[in-house]
Amino acid sequence: MSQVQHLDSVDEAVAGIEDGSTVLVGGFGLAGMPFDLIDGLIRQGATDLTIVCNNAGNGEVGLAALLQAGRVRKVICSFPRQSDSYVFDALYRAGRVELEVVPQGNLAERMRAAGAGIGGFYSPTAVGTMLAEGKETRTIDGRDYLLELPIRGDVALVSAHRADRMGNLVYRKTARNFGPVMATAAETTIVQVHEVVPTGELDPEAVVTPGIFVDRVVRVAPRHYTVQGAR
Amino acid sequence: MSQVQHLDSVDEAVAGIEDGSTVLVGGFGLAGMPFDLIDGLIRQGATDLTIVCNNAGNGEVGLAALLQAGRVRKVICSFPRQSDSYVFDALYRAGRVELEVVPQGNLAERMRAAGAGIGGFYSPTAVGTMLAEGKETRTIDGRDYLLELPIRGDVALVSAHRADRMGNLVYRKTARNFGPVMATAAETTIVQVHEVVPTGELDPEAVVTPGIFVDRVVRVAPRHYTVQGAR
Amino acid sequence: MALNPDELAAIIAGDIPPYSYVNLGIGRPTRVADHLTPGSGVVLHTENGMLNMGPAATGEQVDTDLTNAGKQPVTELPGASYFHHADSFMMMRGGHLDVCVLGAFQVAANGDLANWHTGEADAIPAVGGAMDLAIGARQVFVLMSLFDKQGRPKLVPECTQPLTGLACVSRVYTELAVFDVGPGGAVVRDTFGITVDGLRERLDVPLSVL
Amino acid sequence: MALNPDELAAIIAGDIPPYSYVNLGIGRPTRVADHLTPGSGVVLHTENGMLNMGPAATGEQVDTDLTNAGKQPVTELPGASYFHHADSFMMMRGGHLDVCVLGAFQVAANGDLANWHTGEADAIPAVGGAMDLAIGARQVFVLMSLFDKQGRPKLVPECTQPLTGLACVSRVYTELAVFDVGPGGAVVRDTFGITVDGLRERLDVPLSVL
């Protein structure tokens with residue numbers, strides 16, 4: 001039933017993603033971005049996708065490449081505009097991609113709610129702002145909140161550091177970011193890792209994403225890239 | 001401001017807890033029960049307490065001793081009745097302690113909500129049961145939920161395994177249980193640990209409760225006790 | 001012949017698909033673990049914060065920091081992980097467990113479950129994780145005797161005891177028969193030492209046959 | 001004399017109580033870190049999942065898996081911890097941060113904040129964590145120039161640009177003055193090379209004095 005599939009190639013790992021899917025994509029900027037899985041998704045060909053990701057792509061790699069390939073109908077993110085988000089910027093200004101801006105804390109919490117079976121929650125963020133438009137406001141214990149609903153994915157694409165054969169995951173530093181939350185919130189969670197170790201080698205106290213949340217694992221080589229702003 | 005206080009005695013650690021406080025008490029049965037802090041609280045003398053804990057005490061130690069001492073006005077828990085909960089049972093039947101039974105998942109999630117600034121959330125648990133009485137029901141996306149509100153503590157008493165000087169905590173096995181959640185949900189979080197290590201000795205990837213949630217730490221000797229049902 | 005509890009636990013273990021994530025309720029359901037083979041790949045969840053829980057701990061293995069939901073000492077298998085209570089119930093309530101096996105006072109033909117409160121006036125209510133499990137696991141199996149000590153059926157048209165969850169049970173294992181329950185009512189999957197007509201005589205619930 | 005950005009950052013650093021947990025917004029507020037001494041015990045939070053963030057990484061220190069909220073490479077101090085985004089924003093939204101320092105387009109005398117959206121029709125909106133920080137930290141300090149490039153005051157009776165949060169700012173640091181803002185309106189705490197009357201001439205906001 002729930003056996004984690006360890007796949008030999010990225011192409012096998014992303015097989016079956018359907019047109020029109022909602023795809024949760026990990027990463028904060030480039031850290032934790034599942035580059036290989038996104039490249040695989042571009043080759044795989046699924047289109048009309050809704051992408052949920054903190055950003056809307058950097059340069060021409062990863063999510064930016066997927067956008068450039070014209071596969072994305074809508075982006076749900078907190079921070080699309082960055083110094084090197086020119087691919088998204090151009091598509092957006094051309095009216096070729098929809099955008100839903102969600103405060104970063106609501107983005108994370110709405111996915112957690114999906115993973116946790118919570119039907120909705122009252123968030124203190126964005127009360128009285130234009131991002132509150134159309135949302136129910138409720139005063140609880142003297143403070144105003146907005147009703148926020150879960151964001152579920154058909155698929156999550158996550159980059160982790162190390163997996164064991166049962167799909168337990170650990171991450172590295174701030175590359176952890178959205179990965180553990182997205183892994184809980186999708187029907188199918190696909191993970192790229194730099195290393196697969198035998199079951200029993202990960203410290204049970206330090207597992208961040210238990211294998212119960214993981215469906216497919218593929219090992220990829222670490223990718224070297226330049227970080228913007230590196231001095 | 002937020003400097004973690006490392007105290008030399010349990011009595012200093014529990015100083016200042018006021019009559020009428022809501023006290024979150026960690027532990028699931030005896031595992032993770034902050035015995036020493038509870039003993040300190042009994043000596044400290046605060047009374048008219050509301051205790052939030054998964055259980056309502058075992059035998060005559062820990063929470064059972066606090067109950068026996070007559071300091072508890074109300075218990076909020078998921079599972080008061082156990083084979084050795086005779087202290088609570090007698091007080092309850094004598095009408096000397098109030099009881100609010102909360103499903104275990106709601107108990108954990110309501111405290112998390114308090115720690116996370118969530119005003120309330122829609123839970124799938126207990127819909128259509130007598131524990132739904134008086135709660136708002138709402139249908140979201142075709143499923144029924146109950147509105148659940150945060151549970152905040154004035155104080156949390158938590159048992160962890162190891163702390164560093166900054167108050168970062170790690171736990172041991174299933175003694176982790178409610179500790180990390182309660183630490184986030186109280187105005188003052190007081191932690192007993194078996195060991196305090198220099199800052200930098202805990203693996204940053206494996207810290208379970210970051211020091212931001214911890215106010216006071218006291219080192220205590222591990223306690224040996226018999227586990228019921230041990231064969 | 002009616003099955004004994006051990007035989008019934010073995011049947012449930014055989015019905016759990018390989019590699020399932022499973023939570024076994026306190027009490028009799030715990031016995032199902034004794035019949036799960038390591039090769040099945042089944043992973044046990046315990047709501048007090050662990051996946052890949054191992055068998056009961058004995059002697060030197062006993063560790064007061066490592067217990068199951070019934071507070072009994074257990075062991076850890078390779079590939080285990082520990083997590084706090086909110087994360088543990090996220091697994092349950094978020095629909096990530098494949099199967100849970102619970103005891104019950106009553107199950108209705110539509111899958112309603114009563115297993116937490118006897119309904120007696122002087123009972124001390126204690127729900128634990130029962131309501132979370134009932135609504136959270138993808139499949140809820142109940143393991144119970146078909147009749148209570150007074151001989152009254154526990155598979156009923158409608159629960160008279162306080163409910164744990166609505167329409168949440170999918171299958172009921174008893175010493176005399178296994179039933180599917182749900183929107184279509186009770187369906188007999190298997191009988192042990194009794195005919196379907198024999199069951200019909202003793203139950204107030206319309207029964208169809210698989 | 002009006003202060004330069006570095007002098008202002010130093011003043012803010014001096015106003016942050018020892019051992020505070022602090023989040024510094026992207027851009028100019030990041031400079032406050034350069035003026036925090038190790039002895040202050042101040043712990044920096046970055047919303048992409050880290051406490052006890054260290055200074056910018058240089059040369060060999062650069063690790064693509066370790067960045068701040070502005071996606072720039074940073075370092076880790078002893079006592080650091082990593083956590084996922086939901087846990088990180090739990091710290092912010094749950095009121096566990098003592099101070100955050102943010103940039104702003106406009107701040108109103110009552111503490112309303114506008115710092116995420118220029119309001120221009122063709123702007124691509126991008127909010128990031130600004131709204132979460134604004135309502136979450138116990139004290140929100142704003143670091144901004146007192147006038148925009150067109151010379152218009154940025155401390156205003158009421159924000160005309162899209163709001164980030166309501167009545168959330170407690171103090172505003174500018175090159176000419178430091179103000180407390182809130183229910184009592186704007187209060188001048190300090191001036192640099194200008195008198196309070198000089199400020200009153202240039203601002204549309206009633207000013208009281210500490």
# chains A, B, ... in the order shown; residues from 1 in each chain; ligands from 1
>>> residues_around(residues="Ile38 of chain B", least_positions_apart="3", cutoff="12 Å", atoms="only C-alpha atoms", output="PyMOL selection string")
chain B and resi 10-11+13-15+17+23-27+33-35+41-46+51+57+61-67+69+71+155-159+190-192
>>> residues_around(residues="Thr199 of chain B", least_positions_apart="6", cutoff="8 Å", atoms="only C-alpha atoms", output="list in words")
Asp164, Arg165 and Met166 of chain B; Pro78 and Gly79 of chain D
>>> interface_residues(of="chain B", to="chain A", cutoff="7 Å", atoms="only C-alpha atoms", output="PyMOL selection string")
chain B and resi 117-124+140+145+173+205-206
>>> write_last_selection(atoms="N, CA, C and O atoms", output="tab-separated table (two decimals), in the first residue's frame")
chain	number	residue	atom	x	y	z
B	117	GLY	N	-0.43	31.37	17.60
B	117	GLY	CA	-1.20	32.59	17.33
B	117	GLY	C	-2.45	32.36	16.50
B	117	GLY	O	-3.02	33.30	15.96
B	118	ILE	N	-2.90	31.12	16.41
B	118	ILE	CA	-4.12	30.78	15.68
B	118	ILE	C	-5.31	31.04	16.60
B	118	ILE	O	-5.31	30.61	17.75
B	119	GLY	N	-6.32	31.74	16.08
B	119	GLY	CA	-7.46	32.11	16.92
B	119	GLY	C	-8.44	30.98	17.18
B	119	GLY	O	-9.21	31.02	18.14
B	120	GLY	N	-8.40	29.98	16.33
B	120	GLY	CA	-9.30	28.84	16.45
B	120	GLY	C	-9.16	28.02	15.19
B	120	GLY	O	-8.59	28.49	14.20
B	121	PHE	N	-9.67	26.79	15.21
B	121	PHE	CA	-9.53	25.95	14.01
B	121	PHE	C	-10.70	24.97	13.95
B	121	PHE	O	-11.34	24.68	14.97
B	122	TYR	N	-10.95	24.50	12.76
B	122	TYR	CA	-12.04	23.54	12.55
B	122	TYR	C	-11.47	22.13	12.55
B	122	TYR	O	-10.66	21.77	11.71
B	123	SER	N	-11.91	21.36	13.53
B	123	SER	CA	-11.39	20.02	13.76
B	123	SER	C	-12.39	18.96	13.32
B	123	SER	O	-13.58	19.10	13.57
B	124	PRO	N	-11.91	17.89	12.71
B	124	PRO	CA	-12.83	16.83	12.27
B	124	PRO	C	-13.22	15.90	13.42
B	124	PRO	O	-14.15	15.11	13.27
B	140	ILE	N	-17.26	22.33	5.66
B	140	ILE	CA	-16.29	22.93	4.75
B	140	ILE	C	-15.94	21.88	3.71
B	140	ILE	O	-15.51	20.77	4.08
B	145	TYR	N	-17.02	19.87	10.61
B	145	TYR	CA	-15.95	20.15	11.58
B	145	TYR	C	-16.53	20.87	12.78
B	145	TYR	O	-17.58	21.51	12.69
B	173	LYS	N	12.90	9.46	23.22
B	173	LYS	CA	11.89	8.50	22.80
B	173	LYS	C	10.46	9.04	23.01
B	173	LYS	O	10.22	10.22	22.75
B	205	GLU	N	20.35	20.50	13.78
B	205	GLU	CA	19.31	19.83	12.97
B	205	GLU	C	18.38	19.00	13.84
B	205	GLU	O	17.33	18.56	13.36
B	206	ALA	N	18.78	18.73	15.07
B	206	ALA	CA	18.03	17.78	15.90
B	206	ALA	C	17.42	18.43	17.13
B	206	ALA	O	16.83	17.74	17.96
>>> residues_around(residues="Cys100 of chain C", least_positions_apart="3", cutoff="8 Å", atoms="only C-alpha atoms", output="MDAnalysis selection string")
chainID C and resid 22:25 97 133:134 137 139:141
>>> closest_atom_pairs(of="chain D", to="chain A", cutoff="8 Å", atoms="only C-alpha atoms", output="CSV")
residue,atom,partner,partner_atom,distance
D:Asn48,CA,A:Asn177,CA,5.6
D:Gly49,CA,A:Thr174,CA,5.7
D:Met50,CA,A:Thr174,CA,6.7
D:Ala57,CA,A:Arg231,CA,7.2
D:Thr58,CA,A:Arg231,CA,5.3
D:Gly59,CA,A:Arg231,CA,6.8
D:Val62,CA,A:Ala230,CA,7.1
D:Thr64,CA,A:Ala31,CA,6.2
D:Asp65,CA,A:Ala175,CA,4.9
D:Leu66,CA,A:Thr174,CA,5.1
D:Thr67,CA,A:Thr174,CA,6.5
D:Lys71,CA,A:Gly29,CA,6.2
D:Gln72,CA,A:Gly229,CA,5.3
D:Pro73,CA,A:Ala230,CA,5.9
D:Tyr82,CA,A:Lys173,CA,6.1
D:Phe83,CA,A:Arg176,CA,7.1
D:His84,CA,A:Asn177,CA,4.7
D:His85,CA,A:Asn177,CA,5.0
D:Ala86,CA,A:Ala108,CA,5.1
D:Phe89,CA,A:Gly105,CA,5.3
D:Met90,CA,A:Gly105,CA,7.9
D:Arg93,CA,A:Pro124,CA,7.4
D:Asp122,CA,A:Arg93,CA,7.9
D:Ile124,CA,A:Arg81,CA,6.5
D:Pro125,CA,A:Val101,CA,7.1
D:Ala126,CA,A:Phe79,CA,4.4
D:Val127,CA,A:Ser78,CA,5.6
D:Gly128,CA,A:Ser78,CA,4.6
D:Gly129,CA,A:Gln104,CA,4.9
D:Ala130,CA,A:Pro103,CA,7.5
D:Met131,CA,A:Ala126,CA,5.8
D:Asp132,CA,A:Thr125,CA,5.4
D:Ile135,CA,A:Thr125,CA,6.4
D:Pro162,CA,A:Met130,CA,6.8
D:Leu163,CA,A:Thr129,CA,5.2
D:Thr164,CA,A:Thr129,CA,6.1
D:Gly165,CA,A:Ala126,CA,6.4
D:Leu166,CA,A:Gly128,CA,6.5
>>> decode(residues="segment 164-205 of chain D", atoms="N, CA and C atoms", output="PDB file, in the first residue's frame")
ATOM      1  N   THR D 164       0.026  46.790   5.450  1.00  0.00           N
ATOM      2  CA  THR D 164       0.636  45.505   5.805  1.00  0.00           C
ATOM      3  C   THR D 164       0.016  44.984   7.095  1.00  0.00           C
ATOM      4  N   GLY D 165      -0.240  45.907   8.013  1.00  0.00           N
ATOM      5  CA  GLY D 165      -0.830  45.516   9.293  1.00  0.00           C
ATOM      6  C   GLY D 165      -1.406  46.736   9.991  1.00  0.00           C
ATOM      7  N   LEU D 166      -2.375  46.483  10.853  1.00  0.00           N
ATOM      8  CA  LEU D 166      -3.059  47.556  11.577  1.00  0.00           C
ATOM      9  C   LEU D 166      -2.386  47.800  12.927  1.00  0.00           C
ATOM     10  N   ALA D 167      -2.111  49.051  13.230  1.00  0.00           N
ATOM     11  CA  ALA D 167      -1.659  49.460  14.572  1.00  0.00           C
ATOM     12  C   ALA D 167      -0.610  48.515  15.130  1.00  0.00           C
ATOM     13  N   CYS D 168       0.354  48.161  14.305  1.00  0.00           N
ATOM     14  CA  CYS D 168       1.329  47.157  14.710  1.00  0.00           C
ATOM     15  C   CYS D 168       2.708  47.738  15.015  1.00  0.00           C
ATOM     16  N   VAL D 169       3.023  48.919  14.492  1.00  0.00           N
ATOM     17  CA  VAL D 169       4.360  49.490  14.698  1.00  0.00           C
ATOM     18  C   VAL D 169       4.410  50.178  16.056  1.00  0.00           C
ATOM     19  N   SER D 170       5.509  49.981  16.768  1.00  0.00           N
ATOM     20  CA  SER D 170       5.640  50.682  18.040  1.00  0.00           C
ATOM     21  C   SER D 170       6.649  51.826  17.964  1.00  0.00           C
ATOM     22  N   ARG D 171       7.636  51.720  17.089  1.00  0.00           N
ATOM     23  CA  ARG D 171       8.635  52.788  17.030  1.00  0.00           C
ATOM     24  C   ARG D 171       9.161  52.946  15.601  1.00  0.00           C
ATOM     25  N   VAL D 172       9.492  54.190  15.252  1.00  0.00           N
ATOM     26  CA  VAL D 172       9.979  54.499  13.906  1.00  0.00           C
ATOM     27  C   VAL D 172      11.323  55.217  14.014  1.00  0.00           C
ATOM     28  N   TYR D 173      12.328  54.647  13.361  1.00  0.00           N
ATOM     29  CA  TYR D 173      13.665  55.246  13.347  1.00  0.00           C
ATOM     30  C   TYR D 173      13.916  55.876  11.980  1.00  0.00           C
ATOM     31  N   THR D 174      14.193  57.182  11.974  1.00  0.00           N
ATOM     32  CA  THR D 174      14.516  57.854  10.713  1.00  0.00           C
ATOM     33  C   THR D 174      15.795  58.665  10.902  1.00  0.00           C
ATOM     34  N   GLU D 175      16.306  59.195   9.791  1.00  0.00           N
ATOM     35  CA  GLU D 175      17.576  59.919   9.856  1.00  0.00           C
ATOM     36  C   GLU D 175      17.465  61.224  10.650  1.00  0.00           C
ATOM     37  N   LEU D 176      16.210  61.733  10.809  1.00  0.00           N
ATOM     38  CA  LEU D 176      16.031  63.010  11.506  1.00  0.00           C
ATOM     39  C   LEU D 176      15.457  62.872  12.913  1.00  0.00           C
ATOM     40  N   ALA D 177      14.799  61.758  13.177  1.00  0.00           N
ATOM     41  CA  ALA D 177      14.158  61.615  14.490  1.00  0.00           C
ATOM     42  C   ALA D 177      13.731  60.180  14.740  1.00  0.00           C
ATOM     43  N   VAL D 178      13.546  59.893  16.025  1.00  0.00           N
ATOM     44  CA  VAL D 178      12.957  58.617  16.429  1.00  0.00           C
ATOM     45  C   VAL D 178      11.606  58.926  17.062  1.00  0.00           C
ATOM     46  N   PHE D 179      10.582  58.168  16.645  1.00  0.00           N
ATOM     47  CA  PHE D 179       9.215  58.383  17.116  1.00  0.00           C
ATOM     48  C   PHE D 179       8.661  57.109  17.749  1.00  0.00           C
ATOM     49  N   ASP D 180       7.902  57.268  18.820  1.00  0.00           N
ATOM     50  CA  ASP D 180       6.986  56.211  19.227  1.00  0.00           C
ATOM     51  C   ASP D 180       5.670  56.463  18.522  1.00  0.00           C
ATOM     52  N   VAL D 181       5.023  55.420  18.064  1.00  0.00           N
ATOM     53  CA  VAL D 181       3.697  55.566  17.458  1.00  0.00           C
ATOM     54  C   VAL D 181       2.761  54.574  18.128  1.00  0.00           C
ATOM     55  N   GLY D 182       1.479  54.837  18.022  1.00  0.00           N
ATOM     56  CA  GLY D 182       0.521  53.943  18.659  1.00  0.00           C
ATOM     57  C   GLY D 182      -0.767  54.668  18.972  1.00  0.00           C
ATOM     58  N   PRO D 183      -1.554  54.114  19.883  1.00  0.00           N
ATOM     59  CA  PRO D 183      -2.870  54.689  20.194  1.00  0.00           C
ATOM     60  C   PRO D 183      -2.767  56.165  20.604  1.00  0.00           C
ATOM     61  N   GLY D 184      -1.667  56.544  21.220  1.00  0.00           N
ATOM     62  CA  GLY D 184      -1.505  57.930  21.652  1.00  0.00           C
ATOM     63  C   GLY D 184      -0.951  58.845  20.574  1.00  0.00           C
ATOM     64  N   GLY D 185      -0.835  58.347  19.347  1.00  0.00           N
ATOM     65  CA  GLY D 185      -0.280  59.163  18.270  1.00  0.00           C
ATOM     66  C   GLY D 185       1.242  59.142  18.286  1.00  0.00           C
ATOM     67  N   ALA D 186       1.846  60.052  17.522  1.00  0.00           N
ATOM     68  CA  ALA D 186       3.297  60.071  17.366  1.00  0.00           C
ATOM     69  C   ALA D 186       3.951  60.885  18.477  1.00  0.00           C
ATOM     70  N   VAL D 187       4.978  60.323  19.057  1.00  0.00           N
ATOM     71  CA  VAL D 187       5.725  60.969  20.135  1.00  0.00           C
ATOM     72  C   VAL D 187       7.190  61.024  19.707  1.00  0.00           C
ATOM     73  N   VAL D 188       7.776  62.226  19.762  1.00  0.00           N
ATOM     74  CA  VAL D 188       9.183  62.349  19.386  1.00  0.00           C
ATOM     75  C   VAL D 188      10.050  61.898  20.557  1.00  0.00           C
ATOM     76  N   ARG D 189      10.913  60.913  20.297  1.00  0.00           N
ATOM     77  CA  ARG D 189      11.823  60.423  21.346  1.00  0.00           C
ATOM     78  C   ARG D 189      13.184  61.098  21.245  1.00  0.00           C
ATOM     79  N   ASP D 190      13.565  61.446  20.025  1.00  0.00           N
ATOM     80  CA  ASP D 190      14.925  61.936  19.807  1.00  0.00           C
ATOM     81  C   ASP D 190      14.956  62.637  18.449  1.00  0.00           C
ATOM     82  N   THR D 191      15.810  63.651  18.343  1.00  0.00           N
ATOM     83  CA  THR D 191      15.948  64.324  17.042  1.00  0.00           C
ATOM     84  C   THR D 191      17.425  64.417  16.697  1.00  0.00           C
ATOM     85  N   PHE D 192      17.705  64.496  15.401  1.00  0.00           N
ATOM     86  CA  PHE D 192      19.090  64.562  14.942  1.00  0.00           C
ATOM     87  C   PHE D 192      19.223  65.735  13.977  1.00  0.00           C
ATOM     88  N   GLY D 193      19.748  66.851  14.467  1.00  0.00           N
ATOM     89  CA  GLY D 193      19.996  68.003  13.595  1.00  0.00           C
ATOM     90  C   GLY D 193      18.732  68.734  13.185  1.00  0.00           C
ATOM     91  N   ILE D 194      17.668  68.575  13.941  1.00  0.00           N
ATOM     92  CA  ILE D 194      16.426  69.284  13.645  1.00  0.00           C
ATOM     93  C   ILE D 194      15.691  69.475  14.968  1.00  0.00           C
ATOM     94  N   THR D 195      14.899  70.534  15.065  1.00  0.00           N
ATOM     95  CA  THR D 195      14.120  70.718  16.292  1.00  0.00           C
ATOM     96  C   THR D 195      12.763  70.048  16.135  1.00  0.00           C
ATOM     97  N   VAL D 196      12.053  69.884  17.228  1.00  0.00           N
ATOM     98  CA  VAL D 196      10.701  69.320  17.161  1.00  0.00           C
ATOM     99  C   VAL D 196       9.807  70.240  16.334  1.00  0.00           C
ATOM    100  N   ASP D 197       9.985  71.547  16.506  1.00  0.00           N
ATOM    101  CA  ASP D 197       9.185  72.477  15.693  1.00  0.00           C
ATOM    102  C   ASP D 197       9.561  72.350  14.218  1.00  0.00           C
ATOM    103  N   GLY D 198      10.826  72.126  13.967  1.00  0.00           N
ATOM    104  CA  GLY D 198      11.259  71.889  12.585  1.00  0.00           C
ATOM    105  C   GLY D 198      10.571  70.654  12.006  1.00  0.00           C
ATOM    106  N   LEU D 199      10.440  69.615  12.831  1.00  0.00           N
ATOM    107  CA  LEU D 199       9.724  68.403  12.390  1.00  0.00           C
ATOM    108  C   LEU D 199       8.252  68.723  12.140  1.00  0.00           C
ATOM    109  N   ARG D 200       7.677  69.490  13.044  1.00  0.00           N
ATOM    110  CA  ARG D 200       6.249  69.809  12.918  1.00  0.00           C
ATOM    111  C   ARG D 200       5.964  70.542  11.607  1.00  0.00           C
ATOM    112  N   GLU D 201       6.906  71.393  11.210  1.00  0.00           N
ATOM    113  CA  GLU D 201       6.723  72.123   9.949  1.00  0.00           C
ATOM    114  C   GLU D 201       6.690  71.198   8.744  1.00  0.00           C
ATOM    115  N   ARG D 202       7.452  70.090   8.844  1.00  0.00           N
ATOM    116  CA  ARG D 202       7.605  69.230   7.666  1.00  0.00           C
ATOM    117  C   ARG D 202       6.649  68.031   7.657  1.00  0.00           C
ATOM    118  N   LEU D 203       5.988  67.787   8.787  1.00  0.00           N
ATOM    119  CA  LEU D 203       5.094  66.622   8.881  1.00  0.00           C
ATOM    120  C   LEU D 203       3.648  67.065   9.081  1.00  0.00           C
ATOM    121  N   ASP D 204       2.710  66.227   8.605  1.00  0.00           N
ATOM    122  CA  ASP D 204       1.284  66.526   8.780  1.00  0.00           C
ATOM    123  C   ASP D 204       0.713  65.844  10.021  1.00  0.00           C
ATOM    124  N   VAL D 205       1.598  65.356  10.849  1.00  0.00           N
ATOM    125  CA  VAL D 205       1.162  64.543  11.985  1.00  0.00           C
ATOM    126  C   VAL D 205       1.362  65.336  13.268  1.00  0.00           C
TER     127      VAL D 205
END
